[in-house]
Structure formats: structure tokens, C-alpha cells
file my_file_21.tsv (TSV, C-alpha atoms)
chain	number	residue	atom	x	y	z
K	1	MET	CA	65.38	75.07	139.67
K	2	SER	CA	68.58	77.05	139.70
K	3	TRP	CA	71.89	75.24	139.96
K	4	THR	CA	73.44	78.36	141.52
K	5	VAL	CA	71.05	78.27	144.48
K	6	LEU	CA	71.62	74.54	144.85
K	7	LEU	CA	75.41	74.85	144.91
K	8	GLY	CA	75.17	77.87	147.21
K	9	LEU	CA	73.06	75.88	149.67
K	10	GLY	CA	75.61	73.07	149.48
K	11	ALA	CA	78.42	75.51	150.29
K	12	VAL	CA	76.53	77.03	153.24
K	13	SER	CA	75.69	73.57	154.61
K	14	TYR	CA	79.30	72.49	154.42
K	15	ALA	CA	80.53	75.72	155.99
K	16	LEU	CA	78.20	75.22	158.97
K	17	LYS	CA	79.39	71.65	159.45
K	18	ALA	CA	83.03	72.69	159.16
K	19	VAL	CA	82.94	75.43	161.82
K	20	GLY	CA	83.82	72.97	164.59
K	21	PRO	CA	86.14	70.46	162.91
K	22	VAL	CA	88.09	72.88	160.67
K	23	LEU	CA	87.90	76.39	162.08
K	24	ALA	CA	87.40	76.22	165.82
K	25	GLY	CA	90.37	73.99	166.62
K	26	GLY	CA	89.82	72.57	170.07
K	27	ARG	CA	87.56	75.36	171.24
K	28	GLN	CA	84.41	74.20	172.97
K	29	LEU	CA	81.16	75.90	173.77
K	30	GLY	CA	80.33	77.08	177.26
K	31	PRO	CA	77.77	75.04	179.21
K	32	GLN	CA	74.96	77.57	178.72
K	33	ALA	CA	75.52	77.79	174.95
K	34	ARG	CA	75.75	74.03	174.71
K	35	ARG	CA	72.50	73.64	176.63
K	36	ALA	CA	70.79	76.08	174.29
K	37	LEU	CA	72.16	74.41	171.15
K	38	ASP	CA	71.24	70.98	172.51
K	39	LEU	CA	67.65	72.20	172.76
K	40	VAL	CA	67.55	73.78	169.30
K	41	ALA	CA	66.39	70.66	167.49
K	42	VAL	CA	63.58	69.97	169.99
K	43	PRO	CA	61.12	72.77	169.08
K	44	LEU	CA	62.13	72.48	165.40
K	45	LEU	CA	61.30	68.77	165.37
K	46	ALA	CA	58.08	69.37	167.28
K	47	ALA	CA	57.11	72.05	164.76
K	48	LEU	CA	58.03	69.78	161.85
K	49	ILE	CA	55.78	67.05	163.27
K	50	LEU	CA	52.86	69.49	163.38
K	51	VAL	CA	53.57	71.00	159.96
K	52	GLN	CA	53.91	67.57	158.35
K	53	THR	CA	50.84	66.15	160.12
K	54	VAL	CA	48.23	68.91	159.90
K	55	GLY	CA	49.93	71.42	157.61
K	56	GLY	CA	48.14	72.36	154.40
K	57	PRO	CA	48.07	75.27	152.02
K	58	HIS	CA	47.39	78.11	154.47
K	59	ARG	CA	45.17	76.03	156.71
K	60	LEU	CA	45.15	73.09	159.08
K	61	VAL	CA	44.23	69.81	157.42
K	62	VAL	CA	43.17	66.67	159.29
K	63	ASP	CA	43.61	63.63	157.06
K	64	ALA	CA	45.13	60.14	157.10
K	65	ARG	CA	48.41	61.57	158.39
K	66	VAL	CA	46.87	62.05	161.85
K	67	PRO	CA	45.99	58.37	162.53
K	68	ALA	CA	49.31	57.46	160.91
K	69	LEU	CA	51.11	59.63	163.46
K	70	ALA	CA	49.07	58.04	166.27
K	71	VAL	CA	50.23	54.60	165.13
K	72	ALA	CA	53.79	55.90	165.00
K	73	ALA	CA	53.46	57.35	168.50
K	74	VAL	CA	52.38	54.00	169.94
K	75	LEU	CA	55.29	52.29	168.20
K	76	VAL	CA	57.77	54.91	169.41
K	77	TRP	CA	56.41	54.46	172.93
K	78	ARG	CA	56.84	50.66	172.56
K	79	ARG	CA	60.42	51.31	171.43
K	80	ALA	CA	59.90	49.79	167.98
K	81	PRO	CA	62.79	50.10	165.52
K	82	PHE	CA	62.95	53.32	163.55
K	83	LEU	CA	62.22	51.67	160.22
K	84	VAL	CA	59.14	49.93	161.62
K	85	VAL	CA	57.82	53.25	162.90
K	86	VAL	CA	58.05	55.08	159.56
K	87	LEU	CA	56.84	52.16	157.45
K	88	ALA	CA	53.87	51.56	159.77
K	89	ALA	CA	52.94	55.23	159.46
K	90	ALA	CA	53.14	55.08	155.66
K	91	ALA	CA	51.15	51.84	155.57
K	92	THR	CA	48.45	53.30	157.85
K	93	ALA	CA	48.04	56.38	155.69
K	94	ALA	CA	48.12	54.38	152.44
K	95	LEU	CA	45.56	51.91	153.77
K	96	LEU	CA	43.18	54.60	155.02
K	97	ARG	CA	43.40	56.45	151.71
K	98	ALA	CA	42.85	53.26	149.73
K	99	VAL	CA	39.73	52.54	151.79
K	100	ALA	CA	38.46	56.12	151.49
X	101	MET	CA	67.46	62.53	159.36
X	102	GLY	CA	67.07	63.86	162.86
X	103	GLU	CA	69.11	64.31	165.96
X	104	PHE	CA	69.27	63.32	169.53
X	105	ALA	CA	71.98	63.51	172.10
X	106	GLY	CA	72.68	64.30	175.70
X	107	HIS	CA	73.76	67.44	177.46
X	108	LYS	CA	75.89	66.41	180.42
X	109	GLY	CA	79.51	65.74	179.65
X	110	ASN	CA	82.38	63.89	181.16
X	111	HIS	CA	85.00	63.47	178.44
X	112	LEU	CA	82.30	63.57	175.80
X	113	PRO	CA	79.36	65.95	175.83
X	114	LEU	CA	76.91	63.12	176.35
X	115	PRO	CA	75.28	61.47	179.31
X	116	ARG	CA	75.91	57.93	180.45
X	117	GLY	CA	72.90	55.73	180.74
X	118	TYR	CA	71.16	57.63	177.98
X	119	ARG	CA	69.29	54.79	176.39
X	120	GLY	CA	65.93	55.92	175.15
X	121	GLY	CA	64.20	55.20	171.86
X	122	MET	CA	66.57	55.15	168.93
X	123	ALA	CA	69.49	55.37	171.34
X	124	ALA	CA	68.67	51.88	172.52
X	125	ALA	CA	69.64	50.77	169.05
X	126	VAL	CA	72.76	52.89	168.76
X	127	ALA	CA	74.50	52.53	172.13
X	128	THR	CA	77.15	50.16	170.94
X	129	THR	CA	80.08	48.05	171.82
X	130	PRO	CA	82.90	48.50	169.27
X	131	ASP	CA	82.16	45.25	167.47
X	132	ARG	CA	78.55	46.26	167.00
X	133	THR	CA	79.41	49.69	165.57
X	134	LEU	CA	79.49	48.54	161.95
X	135	GLY	CA	76.23	46.63	162.24
X	136	ASN	CA	74.46	49.59	163.78
X	137	ALA	CA	75.93	51.94	161.21
X	138	ALA	CA	74.64	49.72	158.42
X	139	GLY	CA	71.21	49.50	160.07
X	140	ILE	CA	70.90	53.27	160.41
X	141	GLY	CA	72.14	53.65	156.84
X	142	ILE	CA	69.40	51.39	155.52
X	143	ALA	CA	66.76	53.29	157.48
X	144	VAL	CA	68.08	56.56	156.06
X	145	GLY	CA	68.12	55.03	152.57
X	146	VAL	CA	64.33	54.80	152.81
X	147	TYR	CA	64.18	58.53	153.47
X	148	GLY	CA	66.53	58.96	150.56
X	149	ILE	CA	64.12	57.22	148.23
X	150	SER	CA	61.23	59.37	149.39
X	151	PHE	CA	63.40	62.47	149.16
X	152	GLY	CA	64.31	61.60	145.57
X	153	VAL	CA	60.67	61.05	144.67
X	154	LEU	CA	59.49	64.26	146.35
X	155	ALA	CA	62.40	66.34	144.96
X	156	VAL	CA	61.62	65.36	141.39
X	157	ALA	CA	57.92	65.93	142.03
X	158	ALA	CA	58.80	69.44	143.27
X	159	GLY	CA	60.60	70.30	140.05
X	160	LEU	CA	64.23	69.32	140.57
X	161	SER	CA	65.89	67.27	137.86
X	162	PRO	CA	67.17	63.85	138.97
X	163	ALA	CA	70.72	65.22	138.64
X	164	GLN	CA	69.87	68.17	140.86
X	165	ALA	CA	68.30	65.89	143.47
X	166	CYS	CA	71.43	63.74	143.53
X	167	VAL	CA	73.88	66.66	143.67
X	168	MET	CA	71.85	68.15	146.49
X	169	SER	CA	72.06	64.94	148.51
X	170	MET	CA	75.80	64.69	147.91
X	171	LEU	CA	76.63	68.30	148.79
X	172	VAL	CA	73.94	69.52	151.18
X	173	PHE	CA	73.65	66.12	152.86
X	174	THR	CA	71.39	67.04	155.72
X	175	GLY	CA	67.97	65.45	155.48
X	176	ALA	CA	65.65	67.79	157.35
X	177	SER	CA	67.06	70.77	155.44
X	178	GLN	CA	66.62	69.02	152.12
X	179	PHE	CA	63.04	68.03	152.89
X	180	ALA	CA	62.29	71.56	154.07
X	181	PHE	CA	63.79	72.98	150.86
X	182	VAL	CA	61.79	70.66	148.62
X	183	GLY	CA	58.69	71.26	150.72
X	184	VAL	CA	58.80	75.01	150.15
X	185	LEU	CA	59.36	74.47	146.40
X	186	ALA	CA	56.43	72.05	146.29
X	187	ALA	CA	54.27	74.63	148.07
X	188	GLY	CA	55.05	77.09	145.30
X	189	GLY	CA	57.89	79.04	146.94
X	190	GLY	CA	60.96	80.19	145.03
X	191	ALA	CA	64.38	78.57	145.29
X	192	LEU	CA	65.82	81.39	147.40
X	193	ALA	CA	62.83	81.38	149.76
X	194	ALA	CA	63.31	77.64	150.14
X	195	CYS	CA	66.84	78.23	151.44
X	196	GLY	CA	65.61	80.00	154.61
X	197	PRO	CA	64.21	77.03	156.53
X	198	ALA	CA	66.88	74.78	155.03
X	199	VAL	CA	69.73	76.90	156.42
X	200	MET	CA	67.91	77.32	159.74
X	201	LEU	CA	67.66	73.57	160.15
X	202	ALA	CA	71.29	73.16	159.12
X	203	LEU	CA	72.43	75.47	161.93
X	204	ARG	CA	72.39	72.59	164.37
X	205	ASN	CA	75.13	70.92	162.34
X	206	ALA	CA	77.44	73.73	163.46
X	207	ALA	CA	76.69	72.81	167.07
X	208	TYR	CA	77.25	69.14	166.29
X	209	GLY	CA	80.57	69.94	164.65
X	210	LEU	CA	81.74	71.89	167.69
X	211	SER	CA	80.75	69.09	170.05
X	212	LEU	CA	82.47	66.48	167.88
X	213	SER	CA	85.65	68.47	167.39
X	214	ALA	CA	87.40	66.86	170.37
X	215	ILE	CA	86.94	63.28	169.16
X	216	LEU	CA	87.95	63.83	165.52
X	217	PRO	CA	91.46	63.03	164.23
X	218	ARG	CA	93.96	65.91	164.27
X	219	ARG	CA	94.88	66.05	160.56
X	220	LEU	CA	93.21	68.96	158.82
X	221	ARG	CA	92.46	67.04	155.63
X	222	THR	CA	90.73	64.30	157.60
X	223	ARG	CA	88.78	66.89	159.57
X	224	ALA	CA	87.71	68.65	156.36
X	225	PHE	CA	86.43	65.29	155.10
X	226	ALA	CA	84.81	64.50	158.45
X	227	ALA	CA	82.97	67.84	158.38
X	228	GLN	CA	80.78	66.71	155.48
X	229	LEU	CA	79.72	63.71	157.59
X	230	VAL	CA	78.55	65.88	160.51
X	231	ILE	CA	74.83	65.13	160.63
X	232	ASP	CA	72.20	64.00	163.12
X	233	GLU	CA	72.86	60.28	162.91
X	234	SER	CA	76.67	60.35	163.03
X	235	THR	CA	76.59	62.80	165.93
X	236	ALA	CA	74.04	60.76	167.85
X	237	MET	CA	75.98	57.54	167.32
X	238	ALA	CA	79.24	59.17	168.43
X	239	ARG	CA	77.61	60.68	171.50
X	240	ALA	CA	76.08	57.37	172.52
X	241	GLN	CA	79.55	55.86	173.01
X	242	ASP	CA	81.49	55.91	176.24
X	243	ASP	CA	85.05	56.53	175.02
X	244	PRO	CA	86.57	58.78	172.32
X	245	ALA	CA	88.04	55.96	170.18
X	246	THR	CA	84.72	54.15	169.90
X	247	ALA	CA	82.96	57.46	169.37
X	248	ARG	CA	85.31	58.29	166.46
X	249	ALA	CA	84.76	54.85	164.89
X	250	ALA	CA	81.00	55.18	165.31
X	251	PHE	CA	81.06	58.67	163.80
X	252	PHE	CA	82.90	57.64	160.64
X	253	ALA	CA	81.10	54.32	160.20
X	254	THR	CA	77.69	55.95	160.58
X	255	GLY	CA	78.53	59.04	158.54
X	256	ILE	CA	79.87	57.07	155.58
X	257	SER	CA	77.09	54.49	155.74
X	258	VAL	CA	74.41	57.18	155.86
X	259	TRP	CA	76.06	59.20	153.07
X	260	LEU	CA	76.16	56.17	150.77
X	261	CYS	CA	72.61	55.05	151.55
X	262	TRP	CA	71.16	58.57	151.43
X	263	ASN	CA	72.63	59.14	147.97
X	264	ALA	CA	71.74	55.67	146.68
X	265	GLY	CA	68.19	56.23	147.95
X	266	THR	CA	68.00	59.68	146.37
X	267	LEU	CA	69.15	58.31	143.02
X	268	ALA	CA	66.65	55.45	143.17
X	269	GLY	CA	63.82	57.76	144.21
X	270	ALA	CA	64.68	60.39	141.59
X	271	LEU	CA	64.74	57.77	138.84
X	272	LEU	CA	61.54	56.13	140.05
X	273	GLY	CA	60.09	59.62	140.19
X	274	GLY	CA	56.57	59.81	138.86
X	275	GLY	CA	56.61	56.12	137.93
X	276	LEU	CA	56.13	55.26	141.59
X	277	GLY	CA	52.71	56.83	141.48
X	278	ASP	CA	51.21	59.30	143.89
X	279	PRO	CA	53.47	59.67	146.97
X	280	ARG	CA	50.33	60.41	148.99
X	281	ALA	CA	48.65	57.16	147.93
X	282	LEU	CA	51.73	55.34	149.21
X	283	GLY	CA	51.56	57.25	152.48
X	284	LEU	CA	55.04	58.71	151.93
X	285	ASP	CA	53.95	62.05	153.37
X	286	ALA	CA	53.00	60.31	156.62
X	287	MET	CA	56.54	58.98	156.96
X	288	PHE	CA	57.89	62.42	157.75
X	289	PRO	CA	55.99	63.23	160.96
X	290	ALA	CA	56.52	59.65	162.13
X	291	ALA	CA	60.25	59.94	161.57
X	292	PHE	CA	60.47	63.34	163.24
X	293	LEU	CA	58.55	61.92	166.22
X	294	ALA	CA	60.90	58.95	166.51
X	295	LEU	CA	63.82	61.38	166.52
X	296	LEU	CA	62.23	63.78	168.97
X	297	ALA	CA	61.09	61.24	171.58
X	298	PRO	CA	64.51	60.36	173.04
X	299	GLN	CA	65.39	64.05	173.33
X	300	LEU	CA	62.43	64.76	175.56
X	301	ARG	CA	64.33	63.41	178.57
X	302	ARG	CA	66.54	66.47	178.68
X	303	PRO	CA	65.74	69.22	181.16
X	304	GLY	CA	63.48	71.78	179.53
X	305	ALA	CA	62.94	69.68	176.41
X	306	PRO	CA	59.22	68.92	176.96
X	307	VAL	CA	58.49	72.61	177.46
X	308	ALA	CA	60.54	73.52	174.39
X	309	ALA	CA	58.69	70.89	172.35
X	310	ILE	CA	55.25	72.07	173.46
X	311	ALA	CA	56.19	75.69	172.83
X	312	GLY	CA	57.55	74.85	169.37
X	313	ALA	CA	54.50	72.80	168.47
X	314	THR	CA	52.14	75.55	169.67
X	315	ILE	CA	53.96	78.23	167.69
X	316	ALA	CA	53.86	76.07	164.56
X	317	LEU	CA	50.18	75.24	165.02
X	318	ALA	CA	49.31	78.91	165.44
X	319	LEU	CA	51.27	79.98	162.35
X	320	ILE	CA	50.44	77.21	159.85
X	321	PRO	CA	47.19	78.89	158.67
X	322	PHE	CA	48.81	82.31	158.19
X	323	ALA	CA	52.51	82.03	157.46
X	324	PRO	CA	54.13	80.97	154.18
X	325	ALA	CA	55.73	77.53	153.94
X	326	GLY	CA	58.82	77.21	156.11
X	327	VAL	CA	58.08	80.09	158.46
X	328	PRO	CA	56.26	78.09	161.19
X	329	VAL	CA	59.29	75.85	161.66
X	330	ILE	CA	61.71	78.76	161.90
X	331	ALA	CA	59.46	80.65	164.31
X	332	ALA	CA	59.20	77.55	166.49
X	333	LEU	CA	62.88	78.03	167.31
X	334	ALA	CA	61.68	80.53	169.95
X	335	GLY	CA	60.55	77.46	171.91
X	336	VAL	CA	64.17	77.11	173.02
X	337	ILE	CA	63.74	80.10	175.35
X	338	PRO	CA	61.07	78.69	177.71
X	339	GLY	CA	62.88	75.35	177.52
X	340	LEU	CA	66.10	76.96	178.63
X	341	LEU	CA	64.38	78.86	181.44
X	342	VAL	CA	62.92	75.60	182.76
X	343	ALA	CA	66.24	73.80	182.39
X	344	ASN	CA	68.03	76.53	184.34
X	345	GLY	CA	65.28	76.53	186.97
X	346	VAL	CA	65.68	72.76	187.37
X	347	ARG	CA	69.39	73.28	187.89
X	348	GLY	CA	68.81	76.00	190.46
call {"tool": "encode", "arguments": {"input": "my_file_21.tsv", "output": "C-alpha cells"}}
result
Amino acid sequence: MSWTVLLGLGAVSYALKAVGPVLAGGRQLGPQARRALDLVAVPLLAALILVQTVGGPHRLVVDARVPALAVAAVLVWRRAPFLVVVLAAAATAALLRAVA
Amino acid sequence: MGEFAGHKGNHLPLPRGYRGGMAAAVATTPDRTLGNAAGIGIAVGVYGISFGVLAVAAGLSPAQACVMSMLVFTGASQFAFVGVLAAGGGALAACGPAVMLALRNAAYGLSLSAILPRRLRTRAFAAQLVIDESTAMARAQDDPATARAAFFATGISVWLCWNAGTLAGALLGGGLGDPRALGLDAMFPAAFLALLAPQLRRPGAPVAAIAGATIALALIPFAPAGVPVIAALAGVIPGLLVANGVRG
């Protein structure tokens, strides 16, 4: 893995974070732009859930991650703490794989 | 690390009474700010451990994993980067989804600008702390002073725990055994779900989520690693149309 790429990615990440605090002064986004940017993470997170749950090498894969996500969904719905949600998902997948 | 926040502003671009999911844990009184910051930090430290493990498994040296967490310091991007590497992609190809996911930090930074201290040096330092958790914690507060305290407390706590976790995970590395056997891979969708759920209350968000999920599902079998997530960004458009329709 190249150090140059790594440091470059670090620089780009910082630059993005610094746009508001360092460069833009007090400038704010308009309401429409803010609404759009507020929504940006929603489809990305939804896509990440799918990719991480059923994503495989060039195909959809149904494995222990699916029931693990179902357990997580119930816990999220029951407003369980964040840590409980992720650990329960890991435990579910680990248990199912140990049994299988 | 994920994000959630509101869209309606008074003095801060966040809604009052926004108390869903993780926000229930982060809507603070000033004296609870430190406790919540520590709690979120510990939760993020767990990600950090799994990131360290997965990064080393994907071919990064422990030093590279640690430097990445210190400098890039944005979880979803780092996981996306390592994920593409693990799937056999090159380092440059891995940067695409990582940068895409980091774009939201620019939006966070803009929205936080008003509550940050005036001094440029402090703002340059604060910029590195602009991430999902610190933004969410700041936005969950009702006044700028508490928001500023919550931002710094959370940002520093998460930075320390994320890096400590990365170091621990990178050193544990292969010794921990198969990450799959431990169910580590199942932690990611669960975490993303926990972060997404509170955001679904926003106008247009359910439509954007369904659109994003559908795009990803359709592309997973065909597109190279990272592409489905980037393409899912188009889900913002129907979400925005619905949100504007709701507003009249």
C-alpha cells in the first residue's frame, strides 16, 4: 500500500472538513442546498447497509449477516444503545457461523 | 462512524425535539456532555479495533492503519477504502468511494462554522474533528455554547478512542482470528442501520433511503467494489423532490 496515496487521502479529507471552519468564514448554505446536503448521507448509509449485508464478489450473498441485521433492526427499533446493537449483530453472526 | 442531524434551524441548523434513536443518548444538558462524549468515544473505539483488524487484513501495515486513522479520521471513508483494497482494488481506486463519503464532512463543517470559536488556529484544529459524531452531538444541543462544548468533547474523545482502537486492532491483526468467525463483518451494517434510523424522520429521507438501497442492490452484482455506494447518491434526488412536495 502506497504511503503517497494514504497521505493524499488524508490531505483531501482534511481539506473537505476545513472548507467551512477555515475558508468559508461565516458563510452559510442556502436552505435548498442544506436540505440536499442533509439528505446526502441517507442513501449512502442505506446503500452501505445493503452492500455490507448482501454484498459479495460480483453477486448477492445471503449469509449470517442477514439475520444479524434483523437482530440489529429490532434493537434499533427498541432504541437499544448503539454498542448493544453492533455487538448483538456480531454475536448473532458469530453464533450462527459457529453452529453452521 | 455515521451521521444524523436535523434540517430545520433556529440559531442552529437543527430541530428541537429531535430525539430519535442515537439522538436520545446524545441530547444533553451541559453537565452530561462529557459523559456522553466518553460513551460515544468508547462505542467508536470498538469500530476502531475492527478497522485496525480489517485494515491489516487488507494489506496495510499497522503503521499505515494508524496514520490513516489519525489523518483521514472519518470512519465510513476508511472502511470503504479498506473494503475496496480487500476486494482486490488498487489504492487509487479505493480513494473514490472514500472521498465521496467524506464529502458530507464539508457540509458538516459549513453547518458548524457558526458555533466554532473565531480564532483561525482553533478553527484549523477544530476542522480535523468535523465528523459524524461531533456534528450530531453539536446539533443535538439547544444553544451555541453547549453545542461548541459538545463538539469539542465528542470530537476529541472520538479521535482518541478511534486511534487507540485502530492501534489495538492493527496489533491484534491476524492473531484475533478470522474477523468473519467473530461476526465483525456483521457489525458494519448494524452500525450503519443504527446511524440511518434517526435520519429517516426528515422529509424525503425514507424515499432517499429506499432509492439508495435499490440502486445499491441493483448494482452489487455488476459494479466493482465501491461503485454501488457512490451511485446510490442519486437517491438524494427523489428524496429532495418529496421533501419539496411536502413543503409545498
call {"tool": "residues_around", "arguments": {"input": "my_file_21.tsv", "residues": "Leu333 in chain X", "least_positions_apart": "3", "cutoff": "8 Å", "atoms": "only C-alpha atoms", "output": "list in words"}}
result
Val40, Pro43 and Leu44 of chain K; Gly312, Val329, Ile330 and Val336 of chain X
call {"tool": "atom_distance", "arguments": {"input": "my_file_21.tsv", "atom1": "CA of Thr235 in chain X", "atom2": "CA of Arg248 in chain X"}}
result
9.8 Å
call {"tool": "atom_distance", "arguments": {"input": "my_file_21.tsv", "atom1": "CA of Ser13 in chain K", "atom2": "CA of Thr314 in chain X"}}
result
28.0 Å
call {"tool": "closest_residue", "arguments": {"input": "my_file_21.tsv", "among": "X:Leu295, X:Ile337, X:Ile315, X:Ala290", "to": "Thr92 in chain K", "atoms": "all atoms listed in the file"}}
result
X:Ala290
call {"tool": "residues_near_point", "arguments": {"input": "my_file_21.tsv", "point": "(83.2, 59.4, 162.1)", "cutoff": "9 Å", "atoms": "all atoms listed in the file", "output": "list in words"}}
result
Ile215, Leu216, Ala226, Leu229, Val230, Ser234, Thr235, Ala238, Ala247, Arg248, Ala249, Ala250, Phe251, Phe252, Ala253, Thr254, Gly255 and Ile256 of chain X
call {"tool": "interface_residues", "arguments": {"input": "my_file_21.tsv", "of": "chain K", "to": "chain X", "cutoff": "7 Å", "atoms": "all atoms listed in the file", "output": "MDAnalysis selection string"}}
result
chainID K and resid 1 5:6 9:10 13:14 16:22 26 28 35:40 42:53 55 58:60 65 68:69 72 76 79 82:83 85:87 89:91 93:94 97
call {"tool": "axis_aligned_box", "arguments": {"input": "my_file_21.tsv", "around": "range 313-321 of chain X", "padding_each_side": "8 Å", "output": "lines of an AutoDock Vina configuration file"}}
result
center_x = 50.8
center_y = 76.4
center_z = 164.2
size_x = 23.3
size_y = 23.2
size_z = 27.0
call {"tool": "decode", "arguments": {"input": "my_file_21.tsv", "residues": "range 64-79 of chain K", "atoms": "N, CA and C atoms", "output": "compact mmCIF listing (two decimals), in the first residue's frame"}}
result
# COMPACT_ATOMS: atom_id res chain seq x y z
N ALA K 64 -24.97 -15.23 7.26
CA ALA K 64 -25.29 -14.90 8.66
C ALA K 64 -25.45 -13.41 8.90
N ARG K 65 -24.98 -12.59 7.95
CA ARG K 65 -25.11 -11.15 8.13
C ARG K 65 -26.58 -10.71 8.09
N VAL K 66 -27.40 -11.46 7.34
CA VAL K 66 -28.82 -11.07 7.20
C VAL K 66 -29.58 -11.21 8.52
N PRO K 67 -29.56 -12.40 9.17
CA PRO K 67 -30.20 -12.47 10.49
C PRO K 67 -29.56 -11.53 11.51
N ALA K 68 -28.25 -11.29 11.37
CA ALA K 68 -27.60 -10.35 12.29
C ALA K 68 -28.18 -8.95 12.13
N LEU K 69 -28.44 -8.57 10.87
CA LEU K 69 -29.03 -7.25 10.63
C LEU K 69 -30.46 -7.21 11.16
N ALA K 70 -31.19 -8.33 11.05
CA ALA K 70 -32.56 -8.37 11.56
C ALA K 70 -32.56 -8.15 13.08
N VAL K 71 -31.63 -8.80 13.77
CA VAL K 71 -31.50 -8.59 15.21
C VAL K 71 -31.19 -7.12 15.51
N ALA K 72 -30.27 -6.57 14.73
CA ALA K 72 -29.91 -5.16 14.91
C ALA K 72 -31.12 -4.26 14.68
N ALA K 73 -31.93 -4.59 13.68
CA ALA K 73 -33.09 -3.76 13.36
C ALA K 73 -34.08 -3.74 14.52
N VAL K 74 -34.30 -4.91 15.12
CA VAL K 74 -35.21 -4.97 16.27
C VAL K 74 -34.66 -4.12 17.40
N LEU K 75 -33.36 -4.21 17.63
CA LEU K 75 -32.74 -3.46 18.73
C LEU K 75 -32.78 -1.95 18.46
N VAL K 76 -32.56 -1.57 17.20
CA VAL K 76 -32.64 -0.15 16.84
C VAL K 76 -34.06 0.36 17.09
N TRP K 77 -35.02 -0.46 16.68
CA TRP K 77 -36.44 -0.12 16.85
C TRP K 77 -36.77 0.02 18.34
N ARG K 78 -36.18 -0.85 19.19
CA ARG K 78 -36.40 -0.79 20.63
C ARG K 78 -35.52 0.27 21.29
N ARG K 79 -34.83 1.07 20.49
CA ARG K 79 -33.96 2.13 20.99
C ARG K 79 -32.85 1.62 21.90
